[in-house]
file data_14.pdb (PDB, C-alpha atoms)
MODEL        1
ATOM      1  CA  MET Y 287      80.697 101.227  94.246  1.00  0.00           C
ATOM      2  CA  LEU Y 288      83.961 102.852  95.270  1.00  0.00           C
ATOM      3  CA  THR Y 289      86.988 100.939  96.496  1.00  0.00           C
ATOM      4  CA  VAL Y 290      89.114 103.988  97.328  1.00  0.00           C
ATOM      5  CA  ARG Y 291      88.070 106.253 100.203  1.00  0.00           C
ATOM      6  CA  TYR Y 292      88.620 109.801  99.017  1.00  0.00           C
ATOM      7  CA  PRO Y 293      88.995 111.321 102.516  1.00  0.00           C
ATOM      8  CA  LEU Y 294      91.987 109.006 103.044  1.00  0.00           C
ATOM      9  CA  LEU Y 295      93.365 109.963  99.633  1.00  0.00           C
ATOM     10  CA  GLY Y 296      93.003 113.626 100.629  1.00  0.00           C
ATOM     11  CA  LEU Y 297      91.077 114.581  97.477  1.00  0.00           C
ATOM     12  CA  ARG Y 298      89.967 118.225  97.454  1.00  0.00           C
ATOM     13  CA  PRO Y 299      88.077 120.411  94.968  1.00  0.00           C
ATOM     14  CA  GLY Y 300      90.456 121.637  92.299  1.00  0.00           C
ATOM     15  CA  ASP Y 301      92.871 118.710  92.630  1.00  0.00           C
ATOM     16  CA  ARG Y 302      94.235 117.158  89.459  1.00  0.00           C
ATOM     17  CA  MET Y 303      93.618 113.409  89.653  1.00  0.00           C
ATOM     18  CA  LEU Y 304      94.711 110.503  87.468  1.00  0.00           C
ATOM     19  CA  ASP Y 305      92.470 107.437  87.415  1.00  0.00           C
ATOM     20  CA  LEU Y 306      94.727 104.779  85.889  1.00  0.00           C
ATOM     21  CA  GLY Y 307      92.942 101.711  84.563  1.00  0.00           C
ATOM     22  CA  CYS Y 308      89.652 103.543  84.934  1.00  0.00           C
ATOM     23  CA  GLY Y 309      87.522 100.778  83.416  1.00  0.00           C
ATOM     24  CA  ALA Y 310      83.890 101.910  83.478  1.00  0.00           C
ATOM     25  CA  GLY Y 311      84.916 105.113  85.266  1.00  0.00           C
ATOM     26  CA  ARG Y 312      83.468 104.716  88.768  1.00  0.00           C
ATOM     27  CA  HIS Y 313      86.352 106.435  90.577  1.00  0.00           C
ATOM     28  CA  ALA Y 314      86.699 109.124  87.920  1.00  0.00           C
ATOM     29  CA  PHE Y 315      83.009 110.054  88.072  1.00  0.00           C
ATOM     30  CA  GLU Y 316      82.953 110.414  91.849  1.00  0.00           C
ATOM     31  CA  ALA Y 317      86.162 112.463  91.884  1.00  0.00           C
ATOM     32  CA  ALA Y 318      84.669 114.833  89.304  1.00  0.00           C
ATOM     33  CA  ARG Y 319      81.499 115.130  91.397  1.00  0.00           C
ATOM     34  CA  LEU Y 320      83.745 116.138  94.306  1.00  0.00           C
ATOM     35  CA  GLY Y 321      85.228 118.971  92.249  1.00  0.00           C
ATOM     36  CA  ALA Y 322      88.442 117.441  90.894  1.00  0.00           C
ATOM     37  CA  THR Y 323      89.938 117.788  87.432  1.00  0.00           C
ATOM     38  CA  VAL Y 324      90.155 114.136  86.427  1.00  0.00           C
ATOM     39  CA  THR Y 325      92.039 112.335  83.679  1.00  0.00           C
ATOM     40  CA  ALA Y 326      90.770 108.781  83.181  1.00  0.00           C
ATOM     41  CA  VAL Y 327      93.253 106.463  81.456  1.00  0.00           C
ATOM     42  CA  ASP Y 328      92.791 102.913  80.175  1.00  0.00           C
ATOM     43  CA  LEU Y 329      94.066 100.597  77.442  1.00  0.00           C
ATOM     44  CA  ASP Y 330      90.483  99.680  76.501  1.00  0.00           C
ATOM     45  CA  LEU Y 331      89.428 102.347  74.007  1.00  0.00           C
ATOM     46  CA  GLY Y 332      85.869 101.016  73.977  1.00  0.00           C
ATOM     47  CA  ALA Y 333      85.551 101.571  77.710  1.00  0.00           C
ATOM     48  CA  LEU Y 334      86.924 105.095  77.314  1.00  0.00           C
ATOM     49  CA  GLY Y 335      84.171 105.884  74.813  1.00  0.00           C
ATOM     50  CA  GLU Y 336      81.573 104.928  77.414  1.00  0.00           C
ATOM     51  CA  VAL Y 337      83.336 107.043  80.040  1.00  0.00           C
ATOM     52  CA  ARG Y 338      83.246 110.075  77.743  1.00  0.00           C
ATOM     53  CA  SER Y 339      79.520 109.561  77.091  1.00  0.00           C
ATOM     54  CA  ILE Y 340      78.684 109.362  80.793  1.00  0.00           C
ATOM     55  CA  ILE Y 341      80.773 112.439  81.640  1.00  0.00           C
ATOM     56  CA  ALA Y 342      78.998 114.384  78.914  1.00  0.00           C
ATOM     57  CA  ALA Y 343      75.645 113.308  80.351  1.00  0.00           C
ATOM     58  CA  MET Y 344      76.769 114.319  83.865  1.00  0.00           C
ATOM     59  CA  GLY Y 345      77.698 117.761  82.583  1.00  0.00           C
ATOM     60  CA  GLU Y 346      74.372 118.208  80.844  1.00  0.00           C
ATOM     61  CA  ALA Y 347      72.539 117.128  84.009  1.00  0.00           C
ATOM     62  CA  GLY Y 348      74.436 119.670  86.111  1.00  0.00           C
ATOM     63  CA  GLU Y 349      76.098 116.982  88.266  1.00  0.00           C
ATOM     64  CA  LEU Y 350      79.578 118.522  88.070  1.00  0.00           C
ATOM     65  CA  PRO Y 351      80.461 121.491  90.301  1.00  0.00           C
ATOM     66  CA  GLU Y 352      81.995 124.607  88.814  1.00  0.00           C
ATOM     67  CA  GLY Y 353      85.618 124.041  87.837  1.00  0.00           C
ATOM     68  CA  ALA Y 354      85.372 120.236  87.822  1.00  0.00           C
ATOM     69  CA  SER Y 355      86.015 118.233  84.684  1.00  0.00           C
ATOM     70  CA  CYS Y 356      86.854 114.767  83.437  1.00  0.00           C
ATOM     71  CA  SER Y 357      88.655 113.703  80.279  1.00  0.00           C
ATOM     72  CA  ALA Y 358      89.558 110.245  79.020  1.00  0.00           C
ATOM     73  CA  ALA Y 359      92.680 109.095  77.210  1.00  0.00           C
ATOM     74  CA  GLY Y 360      94.286 105.854  76.109  1.00  0.00           C
ATOM     75  CA  GLY Y 361      97.533 105.052  77.872  1.00  0.00           C
ATOM     76  CA  ASP Y 362      99.944 102.385  79.068  1.00  0.00           C
ATOM     77  CA  ALA Y 363     100.844 102.209  82.767  1.00  0.00           C
ATOM     78  CA  LEU Y 364     104.499 101.680  81.825  1.00  0.00           C
ATOM     79  CA  ARG Y 365     104.647 104.758  79.546  1.00  0.00           C
ATOM     80  CA  LEU Y 366     102.198 107.348  80.859  1.00  0.00           C
ATOM     81  CA  PRO Y 367     101.767 110.268  78.410  1.00  0.00           C
ATOM     82  CA  PHE Y 368     102.141 112.991  81.053  1.00  0.00           C
ATOM     83  CA  PRO Y 369     105.007 115.215  82.274  1.00  0.00           C
ATOM     84  CA  ASP Y 370     106.552 114.726  85.695  1.00  0.00           C
ATOM     85  CA  ALA Y 371     104.489 115.915  88.694  1.00  0.00           C
ATOM     86  CA  THR Y 372     101.279 116.395  86.691  1.00  0.00           C
ATOM     87  CA  PHE Y 373      98.805 115.126  89.301  1.00  0.00           C
ATOM     88  CA  ASP Y 374      97.953 115.912  92.916  1.00  0.00           C
ATOM     89  CA  ARG Y 375      96.251 112.534  93.439  1.00  0.00           C
ATOM     90  CA  VAL Y 376      96.520 109.200  91.659  1.00  0.00           C
ATOM     91  CA  VAL Y 377      94.201 106.185  91.787  1.00  0.00           C
ATOM     92  CA  ALA Y 378      95.217 102.832  90.308  1.00  0.00           C
ATOM     93  CA  SER Y 379      92.375 100.425  91.069  1.00  0.00           C
ATOM     94  CA  GLU Y 380      92.750  96.709  90.246  1.00  0.00           C
ATOM     95  CA  VAL Y 381      95.577  97.368  87.789  1.00  0.00           C
ATOM     96  CA  MET Y 382      98.894  96.267  89.266  1.00  0.00           C
ATOM     97  CA  GLU Y 383      97.965  92.573  89.447  1.00  0.00           C
ATOM     98  CA  HIS Y 384      97.728  92.558  85.623  1.00  0.00           C
ATOM     99  CA  ILE Y 385     101.157  94.120  84.969  1.00  0.00           C
ATOM    100  CA  ALA Y 386     104.226  91.911  84.676  1.00  0.00           C
ATOM    101  CA  ASP Y 387     106.653  94.713  85.604  1.00  0.00           C
ATOM    102  CA  ASP Y 388     104.761  96.188  88.530  1.00  0.00           C
ATOM    103  CA  ARG Y 389     107.847  97.998  89.836  1.00  0.00           C
ATOM    104  CA  ALA Y 390     108.171  99.914  86.582  1.00  0.00           C
ATOM    105  CA  ALA Y 391     104.467 100.804  86.772  1.00  0.00           C
ATOM    106  CA  ALA Y 392     104.889 102.055  90.352  1.00  0.00           C
ATOM    107  CA  THR Y 393     107.842 104.186  89.217  1.00  0.00           C
ATOM    108  CA  GLU Y 394     105.656 105.755  86.514  1.00  0.00           C
ATOM    109  CA  LEU Y 395     102.893 106.493  89.013  1.00  0.00           C
ATOM    110  CA  ALA Y 396     105.424 108.144  91.323  1.00  0.00           C
ATOM    111  CA  ARG Y 397     106.853 110.150  88.414  1.00  0.00           C
ATOM    112  CA  VAL Y 398     103.533 111.765  87.438  1.00  0.00           C
ATOM    113  CA  LEU Y 399     102.540 112.415  91.075  1.00  0.00           C
ATOM    114  CA  ARG Y 400     103.578 115.825  92.371  1.00  0.00           C
ATOM    115  CA  PRO Y 401     105.809 116.105  95.451  1.00  0.00           C
ATOM    116  CA  GLY Y 402     103.529 116.063  98.479  1.00  0.00           C
ATOM    117  CA  GLY Y 403     100.792 114.303  96.505  1.00  0.00           C
ATOM    118  CA  THR Y 404      99.018 111.099  97.494  1.00  0.00           C
ATOM    119  CA  LEU Y 405      98.238 107.869  95.711  1.00  0.00           C
ATOM    120  CA  ALA Y 406      95.859 104.946  96.265  1.00  0.00           C
ATOM    121  CA  VAL Y 407      96.542 101.518  94.775  1.00  0.00           C
ATOM    122  CA  THR Y 408      94.018  98.700  95.062  1.00  0.00           C
ATOM    123  CA  VAL Y 409      94.688  95.025  94.330  1.00  0.00           C
ATOM    124  CA  PRO Y 410      92.899  91.778  95.164  1.00  0.00           C
ATOM    125  CA  SER Y 411      93.551  90.781  98.793  1.00  0.00           C
ATOM    126  CA  TRP Y 412      95.796  87.792  99.416  1.00  0.00           C
ATOM    127  CA  LEU Y 413      93.374  85.271 101.003  1.00  0.00           C
ATOM    128  CA  PRO Y 414      90.354  85.749  98.690  1.00  0.00           C
ATOM    129  CA  GLU Y 415      92.694  85.817  95.695  1.00  0.00           C
ATOM    130  CA  LYS Y 416      94.485  82.599  96.676  1.00  0.00           C
ATOM    131  CA  VAL Y 417      91.119  80.845  96.856  1.00  0.00           C
ATOM    132  CA  CYS Y 418      90.207  82.095  93.372  1.00  0.00           C
ATOM    133  CA  TRP Y 419      93.522  80.873  91.936  1.00  0.00           C
ATOM    134  CA  ALA Y 420      93.011  77.467  93.554  1.00  0.00           C
ATOM    135  CA  LEU Y 421      89.473  77.099  92.209  1.00  0.00           C
ATOM    136  CA  SER Y 422      90.032  78.032  88.575  1.00  0.00           C
ATOM    137  CA  ASP Y 423      92.896  78.245  86.090  1.00  0.00           C
ATOM    138  CA  GLU Y 424      90.642  80.420  83.897  1.00  0.00           C
ATOM    139  CA  TYR Y 425      90.923  83.205  86.463  1.00  0.00           C
ATOM    140  CA  HIS Y 426      94.622  83.951  86.146  1.00  0.00           C
ATOM    141  CA  ALA Y 427      97.644  84.020  83.855  1.00  0.00           C
ATOM    142  CA  PRO Y 428      99.168  82.228  82.068  1.00  0.00           C
ATOM    143  CA  PHE Y 429      95.972  80.278  81.467  1.00  0.00           C
ATOM    144  CA  VAL Y 430      93.979  83.336  80.347  1.00  0.00           C
ATOM    145  CA  ALA Y 431      95.208  86.389  78.452  1.00  0.00           C
ATOM    146  CA  GLY Y 432      95.047  89.512  80.552  1.00  0.00           C
ATOM    147  CA  GLY Y 433      94.553  87.531  83.751  1.00  0.00           C
ATOM    148  CA  HIS Y 434      96.131  88.241  87.108  1.00  0.00           C
ATOM    149  CA  VAL Y 435      99.859  87.563  87.097  1.00  0.00           C
ATOM    150  CA  ARG Y 436     100.526  87.609  90.866  1.00  0.00           C
ATOM    151  CA  VAL Y 437      98.913  87.514  94.299  1.00  0.00           C
ATOM    152  CA  TYR Y 438      99.868  90.393  96.591  1.00  0.00           C
ATOM    153  CA  THR Y 439     100.380  90.464 100.299  1.00  0.00           C
ATOM    154  CA  ARG Y 440     100.092  93.861 101.955  1.00  0.00           C
ATOM    155  CA  SER Y 441     103.823  93.912 102.656  1.00  0.00           C
ATOM    156  CA  GLY Y 442     104.561  92.919  99.067  1.00  0.00           C
ATOM    157  CA  LEU Y 443     102.533  95.779  97.604  1.00  0.00           C
ATOM    158  CA  CYS Y 444     103.971  98.258 100.105  1.00  0.00           C
ATOM    159  CA  GLY Y 445     107.445  97.093  99.129  1.00  0.00           C
ATOM    160  CA  VAL Y 446     106.749  97.829  95.465  1.00  0.00           C
ATOM    161  CA  LEU Y 447     105.514 101.333  96.305  1.00  0.00           C
ATOM    162  CA  ASP Y 448     108.396 101.977  98.707  1.00  0.00           C
ATOM    163  CA  GLY Y 449     110.825 100.954  95.958  1.00  0.00           C
ATOM    164  CA  ALA Y 450     109.358 103.713  93.772  1.00  0.00           C
ATOM    165  CA  GLY Y 451     110.117 106.316  96.421  1.00  0.00           C
ATOM    166  CA  LEU Y 452     106.632 106.440  97.924  1.00  0.00           C
ATOM    167  CA  ARG Y 453     105.831 106.245 101.636  1.00  0.00           C
ATOM    168  CA  THR Y 454     102.957 104.032 102.765  1.00  0.00           C
ATOM    169  CA  VAL Y 455     100.499 105.982 104.921  1.00  0.00           C
ATOM    170  CA  THR Y 456      97.640 103.572 105.668  1.00  0.00           C
ATOM    171  CA  SER Y 457      95.645 100.689 104.210  1.00  0.00           C
ATOM    172  CA  HIS Y 458      92.365  98.817 104.533  1.00  0.00           C
ATOM    173  CA  ARG Y 459      90.426  95.955 102.966  1.00  0.00           C
ATOM    174  CA  THR Y 460      86.930  96.258 101.537  1.00  0.00           C
ATOM    175  CA  HIS Y 461      84.162  94.451  99.618  1.00  0.00           C
ATOM    176  CA  ALA Y 462      83.963  91.323 101.799  1.00  0.00           C
ATOM    177  CA  LEU Y 463      80.630  90.333 100.251  1.00  0.00           C
ATOM    178  CA  HIS Y 464      82.286  90.170  96.848  1.00  0.00           C
ATOM    179  CA  SER Y 465      84.746  87.442  97.839  1.00  0.00           C
ATOM    180  CA  PRO Y 466      82.196  84.576  98.011  1.00  0.00           C
ATOM    181  CA  TYR Y 467      80.736  85.792  94.720  1.00  0.00           C
ATOM    182  CA  TRP Y 468      84.097  85.377  92.989  1.00  0.00           C
ATOM    183  CA  TRP Y 469      84.705  82.025  94.668  1.00  0.00           C
ATOM    184  CA  LEU Y 470      81.372  80.872  93.295  1.00  0.00           C
ATOM    185  CA  LYS Y 471      82.199  82.198  89.826  1.00  0.00           C
ATOM    186  CA  CYS Y 472      85.568  80.437  89.864  1.00  0.00           C
ATOM    187  CA  ALA Y 473      83.955  77.194  91.034  1.00  0.00           C
ATOM    188  CA  VAL Y 474      81.483  77.128  88.102  1.00  0.00           C
ATOM    189  CA  GLY Y 475      83.774  78.883  85.590  1.00  0.00           C
ATOM    190  CA  PRO Y 476      84.597  82.619  85.623  1.00  0.00           C
ATOM    191  CA  SER Y 477      82.797  83.210  82.332  1.00  0.00           C
ATOM    192  CA  ASN Y 478      79.681  81.235  83.304  1.00  0.00           C
ATOM    193  CA  ASP Y 479      77.421  84.186  84.100  1.00  0.00           C
ATOM    194  CA  ALA Y 480      74.333  82.136  83.238  1.00  0.00           C
ATOM    195  CA  ASN Y 481      74.699  79.913  86.309  1.00  0.00           C
ATOM    196  CA  ARG Y 482      71.635  80.322  88.539  1.00  0.00           C
ATOM    197  CA  LEU Y 483      73.601  80.682  91.769  1.00  0.00           C
ATOM    198  CA  VAL Y 484      75.913  83.259  90.207  1.00  0.00           C
ATOM    199  CA  ARG Y 485      72.959  85.249  88.929  1.00  0.00           C
ATOM    200  CA  ALA Y 486      71.216  85.092  92.301  1.00  0.00           C
ATOM    201  CA  TYR Y 487      74.310  86.259  94.178  1.00  0.00           C
ATOM    202  CA  HIS Y 488      74.802  89.045  91.638  1.00  0.00           C
ATOM    203  CA  ARG Y 489      71.293  90.310  92.369  1.00  0.00           C
ATOM    204  CA  VAL Y 490      72.187  90.427  96.072  1.00  0.00           C
ATOM    205  CA  LEU Y 491      75.308  92.482  95.318  1.00  0.00           C
ATOM    206  CA  VAL Y 492      73.344  94.914  93.155  1.00  0.00           C
ATOM    207  CA  TRP Y 493      70.781  95.282  95.960  1.00  0.00           C
ATOM    208  CA  ASP Y 494      73.602  95.937  98.404  1.00  0.00           C
ATOM    209  CA  ILE Y 495      75.230  98.560  96.174  1.00  0.00           C
ATOM    210  CA  VAL Y 496      71.991 100.376  95.338  1.00  0.00           C
ATOM    211  CA  LYS Y 497      70.197 100.190  98.690  1.00  0.00           C
ATOM    212  CA  ALA Y 498      73.057  99.773 101.225  1.00  0.00           C
ATOM    213  CA  PRO Y 499      70.711  97.954 103.666  1.00  0.00           C
ATOM    214  CA  ALA Y 500      71.673  97.341 107.277  1.00  0.00           C
ATOM    215  CA  ALA Y 501      71.401  93.597 106.631  1.00  0.00           C
ATOM    216  CA  THR Y 502      74.508  93.752 104.420  1.00  0.00           C
ATOM    217  CA  ARG Y 503      76.358  96.753 105.846  1.00  0.00           C
ATOM    218  CA  LEU Y 504      77.103  95.082 109.188  1.00  0.00           C
ATOM    219  CA  PRO Y 505      78.535  91.840 107.725  1.00  0.00           C
ATOM    220  CA  GLU Y 506      80.545  93.911 105.237  1.00  0.00           C
ATOM    221  CA  LYS Y 507      82.060  96.000 108.020  1.00  0.00           C
ATOM    222  CA  VAL Y 508      82.833  93.019 110.258  1.00  0.00           C
ATOM    223  CA  LEU Y 509      84.219  90.704 107.570  1.00  0.00           C
ATOM    224  CA  SER Y 510      86.169  93.151 105.382  1.00  0.00           C
ATOM    225  CA  PRO Y 511      89.359  93.238 107.513  1.00  0.00           C
ATOM    226  CA  LEU Y 512      89.790  89.497 106.852  1.00  0.00           C
ATOM    227  CA  LEU Y 513      87.778  88.654 103.735  1.00  0.00           C
ATOM    228  CA  GLY Y 514      87.661  91.958 101.869  1.00  0.00           C
ATOM    229  CA  LYS Y 515      88.139  91.245  98.165  1.00  0.00           C
ATOM    230  CA  SER Y 516      90.254  94.357  97.676  1.00  0.00           C
ATOM    231  CA  LEU Y 517      93.281  95.675  99.531  1.00  0.00           C
ATOM    232  CA  VAL Y 518      93.739  99.453  99.326  1.00  0.00           C
ATOM    233  CA  VAL Y 519      97.106 101.021 100.127  1.00  0.00           C
ATOM    234  CA  TYR Y 520      97.549 104.801 100.391  1.00  0.00           C
ATOM    235  CA  ALA Y 521     100.994 106.300  99.905  1.00  0.00           C
ATOM    236  CA  SER Y 522     102.524 109.753  99.604  1.00  0.00           C
ATOM    237  CA  LYS Y 523     105.395 111.292  97.678  1.00  0.00           C
ATOM    238  CA  ALA Y 524     107.878 113.337  99.686  1.00  0.00           C
ATOM    239  CA  ALA Y 525     107.487 117.084  99.345  1.00  0.00           C
ATOM    240  CA  ALA Y 526     110.209 118.845  97.382  1.00  0.00           C
TER     241      ALA Y 526
ENDMDL
END
call {"tool": "encode", "arguments": {"input": "data_14.pdb", "output": "structure tokens"}}
result
Amino acid sequence: MLTVRYPLLGLRPGDRMLDLGCGAGRHAFEAARLGATVTAVDLDLGALGEVRSIIAAMGEAGELPEGASCSAAGGDALRLPFPDATFDRVVASEVMEHIADDRAAATELARVLRPGGTLAVTVPSWLPEKVCWALSDEYHAPFVAGGHVRVYTRSGLCGVLDGAGLRTVTSHRTHALHSPYWWLKCAVGPSNDANRLVRAYHRVLVWDIVKAPAATRLPEKVLSPLLGKSLVVYASKAAA
């Protein structure tokens, strides 16, 4: 399940792409399948081990086109271990809401992006996120370590990126069907995965992701502009 739309990012075969906060690697894997040279970065070294295993399996199965690759490395968004202008494209999915100094993180993303390159940042959308914060203290900081530290509006996120010297190009919201799922989880406790309603809704989401049936695609398309769980902002760095 991708949050970023690669045609809007402008990803092309041969591009060097950074996937910051890669997690399980969903954006990194798809970018590699599309022919990019991907570097997946995360603080969670355990997750990076899983990413490396899956990439190795993809290579053995012949799923990567010639010239494509993916590597994984530990790294901090505030001190990225790369020279200036290393990447053609950057993805930072569901990362910024966890970082206290988001302006410093945006400056780092802009630093490693080449002039003329493009970036996609995704964060939880304002309305669904406000509901989650209201329903459960376990969902966000300071009540839980590593929780979300702020709620973004579109203008707020664009302001952070603009302050780093990036120019907002376009944006969209997505994953509307995921918002009620997280409201339900927050209502019963974010860590209560054994709840019957949570488990039932999760099965619906898995069905939607795997099968993409018309019964869910239409509501997703209609509701995402308002209730999409994620906001995606695309920005560019001025050419030299």
call {"tool": "resolve_selection", "arguments": {"input": "data_14.pdb", "expression": "the PyMOL selection byres ((chain Y and resi 332) around 12)", "output": "list in words"}}
result
Cys308, Gly309, Ala310, Val327, Asp328, Leu329, Asp330, Leu331, Ala333, Leu334, Gly335, Glu336, Val337, Arg338, Ser339, Ala358, Ala359 and Gly360 of chain Y
call {"tool": "resolve_selection", "arguments": {"input": "data_14.pdb", "expression": "the PyMOL selection byres ((chain Y and resi 454) around 12)", "output": "compact mmCIF listing (two decimals) with C-alpha atoms, in the coordinates of the input"}}
result
# COMPACT_ATOMS: atom_id res chain seq x y z
CA LEU Y 295 93.36 109.96 99.63
CA THR Y 404 99.02 111.10 97.49
CA LEU Y 405 98.24 107.87 95.71
CA ALA Y 406 95.86 104.95 96.26
CA VAL Y 407 96.54 101.52 94.78
CA ARG Y 440 100.09 93.86 101.96
CA SER Y 441 103.82 93.91 102.66
CA GLY Y 442 104.56 92.92 99.07
CA LEU Y 443 102.53 95.78 97.60
CA CYS Y 444 103.97 98.26 100.10
CA GLY Y 445 107.44 97.09 99.13
CA VAL Y 446 106.75 97.83 95.46
CA LEU Y 447 105.51 101.33 96.30
CA ASP Y 448 108.40 101.98 98.71
CA GLY Y 449 110.82 100.95 95.96
CA ALA Y 450 109.36 103.71 93.77
CA GLY Y 451 110.12 106.32 96.42
CA LEU Y 452 106.63 106.44 97.92
CA ARG Y 453 105.83 106.24 101.64
CA VAL Y 455 100.50 105.98 104.92
CA THR Y 456 97.64 103.57 105.67
CA SER Y 457 95.64 100.69 104.21
CA HIS Y 458 92.36 98.82 104.53
CA VAL Y 518 93.74 99.45 99.33
CA VAL Y 519 97.11 101.02 100.13
CA TYR Y 520 97.55 104.80 100.39
CA ALA Y 521 100.99 106.30 99.90
CA SER Y 522 102.52 109.75 99.60
CA LYS Y 523 105.40 111.29 97.68
CA ALA Y 524 107.88 113.34 99.69
call {"tool": "atom_distance", "arguments": {"input": "data_14.pdb", "atom1": "CA of Pro466 (chain Y)", "atom2": "CA of Cys418 (chain Y)"}}
result
9.6 Å
call {"tool": "residues_around", "arguments": {"input": "data_14.pdb", "residues": "Arg503 (chain Y)", "least_positions_apart": "6", "cutoff": "12 Å", "atoms": "only C-alpha atoms", "output": "compact mmCIF listing (two decimals) with C-alpha atoms, in the coordinates of the input"}}
result
# COMPACT_ATOMS: atom_id res chain seq x y z
CA THR Y 460 86.93 96.26 101.54
CA HIS Y 461 84.16 94.45 99.62
CA ALA Y 462 83.96 91.32 101.80
CA LEU Y 463 80.63 90.33 100.25
CA LEU Y 491 75.31 92.48 95.32
CA TRP Y 493 70.78 95.28 95.96
CA ASP Y 494 73.60 95.94 98.40
CA ILE Y 495 75.23 98.56 96.17
CA VAL Y 496 71.99 100.38 95.34
CA LYS Y 497 70.20 100.19 98.69
CA LEU Y 509 84.22 90.70 107.57
CA SER Y 510 86.17 93.15 105.38
call {"tool": "resolve_selection", "arguments": {"input": "data_14.pdb", "expression": "the PyMOL selection byres ((chain Y and resi 468) around 12)", "output": "PyMOL selection string"}}
result
chain Y and resi 410+414-422+425+461-467+469-479+483-485+487-488+491+513-516
call {"tool": "axis_aligned_box", "arguments": {"input": "data_14.pdb", "around": "region 427-445 of chain Y", "padding_each_side": "4 Å", "output": "AutoDock Vina command-line options"}}
result
--center_x 100.7 --center_y 89.3 --center_z 90.6 --size_x 21.5 --size_y 26.0 --size_z 32.2
call {"tool": "residues_around", "arguments": {"input": "data_14.pdb", "residues": "region 372-378 of chain Y", "least_positions_apart": "2", "cutoff": "7 Å", "atoms": "only C-alpha atoms", "output": "number ranges by chain"}}
result
Y: 297, 301-307, 368-370, 380-381, 398-400, 403-408
call {"tool": "closest_residue", "arguments": {"input": "data_14.pdb", "among": "Y:Arg459, Y:Ala480, Y:Ala347, Y:Ile341", "to": "Thr289 (chain Y)", "atoms": "all atoms listed in the file"}}
result
Y:Arg459
call {"tool": "residues_near_point", "arguments": {"input": "data_14.pdb", "point": "(107.8, 95.5, 88.4)", "cutoff": "12 Å", "atoms": "all atoms listed in the file", "output": "ChimeraX atom specification"}}
result
/Y:363-364,382-394,435-436,442-443,445-447,449-450
call {"tool": "closest_residue", "arguments": {"input": "data_14.pdb", "among": "Y:Leu294, Y:Ala371, Y:Ala322, Y:Val430", "to": "Glu352 (chain Y)", "atoms": "only C-alpha atoms"}}
result
Y:Ala322
call {"tool": "atom_distance", "arguments": {"input": "data_14.pdb", "atom1": "CA of Ala354 (chain Y)", "atom2": "CA of Ala318 (chain Y)"}}
result
5.6 Å
call {"tool": "residues_around", "arguments": {"input": "data_14.pdb", "residues": "Pro351 (chain Y)", "least_positions_apart": "2", "cutoff": "8 Å", "atoms": "all atoms listed in the file", "output": "PyMOL selection string"}}
result
chain Y and resi 318-321+348-349+353-354
call {"tool": "closest_residue", "arguments": {"input": "data_14.pdb", "among": "Y:Glu316, Y:Asp362, Y:Glu346, Y:Glu506", "to": "Val290 (chain Y)", "atoms": "all atoms listed in the file"}}
result
Y:Glu316
call {"tool": "atom_distance", "arguments": {"input": "data_14.pdb", "atom1": "CA of Gly432 (chain Y)", "atom2": "CA of Asn481 (chain Y)"}}
result
23.2 Å
call {"tool": "closest_residue", "arguments": {"input": "data_14.pdb", "among": "Y:Leu504, Y:Phe315, Y:Gly402, Y:Gly433", "to": "Gly296 (chain Y)", "atoms": "only C-alpha atoms"}}
result
Y:Gly402
call {"tool": "residues_around", "arguments": {"input": "data_14.pdb", "residues": "Ser357 (chain Y)", "least_positions_apart": "6", "cutoff": "8 Å", "atoms": "all atoms listed in the file", "output": "JSON, numbers by chain"}}
result
{"Y": [324, 325, 326, 338]}
call {"tool": "write_last_selection", "arguments": {"input": "data_14.pdb", "atoms": "C-alpha atoms", "output": "short mmCIF file (atom, residue, chain, number, x, y, z; two decimals), in the frame of the given file"}}
result
data_model
loop_
_atom_site.label_atom_id
_atom_site.label_comp_id
_atom_site.auth_asym_id
_atom_site.auth_seq_id
_atom_site.Cartn_x
_atom_site.Cartn_y
_atom_site.Cartn_z
CA VAL Y 324 90.16 114.14 86.43
CA THR Y 325 92.04 112.34 83.68
CA ALA Y 326 90.77 108.78 83.18
CA ARG Y 338 83.25 110.08 77.74
#
call {"tool": "build_atoms", "arguments": {"input": "data_14.pdb", "residues": "region 470-477 of chain Y", "atoms": "N, CA and C atoms", "output": "PDB file, in the coordinates of the input"}}
result
ATOM      1  N   LEU Y 470      82.427  81.605  93.996  1.00  0.00           N
ATOM      2  CA  LEU Y 470      81.372  80.872  93.295  1.00  0.00           C
ATOM      3  C   LEU Y 470      81.606  80.906  91.793  1.00  0.00           C
ATOM      4  N   LYS Y 471      81.937  82.093  91.262  1.00  0.00           N
ATOM      5  CA  LYS Y 471      82.199  82.198  89.826  1.00  0.00           C
ATOM      6  C   LYS Y 471      83.361  81.303  89.411  1.00  0.00           C
ATOM      7  N   CYS Y 472      84.415  81.285  90.210  1.00  0.00           N
ATOM      8  CA  CYS Y 472      85.568  80.437  89.864  1.00  0.00           C
ATOM      9  C   CYS Y 472      85.203  78.954  89.940  1.00  0.00           C
ATOM     10  N   ALA Y 473      84.342  78.595  90.881  1.00  0.00           N
ATOM     11  CA  ALA Y 473      83.955  77.194  91.034  1.00  0.00           C
ATOM     12  C   ALA Y 473      83.163  76.692  89.832  1.00  0.00           C
ATOM     13  N   VAL Y 474      82.323  77.552  89.237  1.00  0.00           N
ATOM     14  CA  VAL Y 474      81.483  77.128  88.102  1.00  0.00           C
ATOM     15  C   VAL Y 474      82.071  77.556  86.759  1.00  0.00           C
ATOM     16  N   GLY Y 475      83.163  78.346  86.803  1.00  0.00           N
ATOM     17  CA  GLY Y 475      83.774  78.883  85.590  1.00  0.00           C
ATOM     18  C   GLY Y 475      83.599  80.384  85.556  1.00  0.00           C
ATOM     19  N   PRO Y 476      84.694  81.164  85.544  1.00  0.00           N
ATOM     20  CA  PRO Y 476      84.597  82.619  85.623  1.00  0.00           C
ATOM     21  C   PRO Y 476      83.736  83.270  84.557  1.00  0.00           C
ATOM     22  N   SER Y 477      83.608  82.626  83.410  1.00  0.00           N
ATOM     23  CA  SER Y 477      82.797  83.210  82.332  1.00  0.00           C
ATOM     24  C   SER Y 477      81.364  82.682  82.315  1.00  0.00           C
TER      25      SER Y 477
END
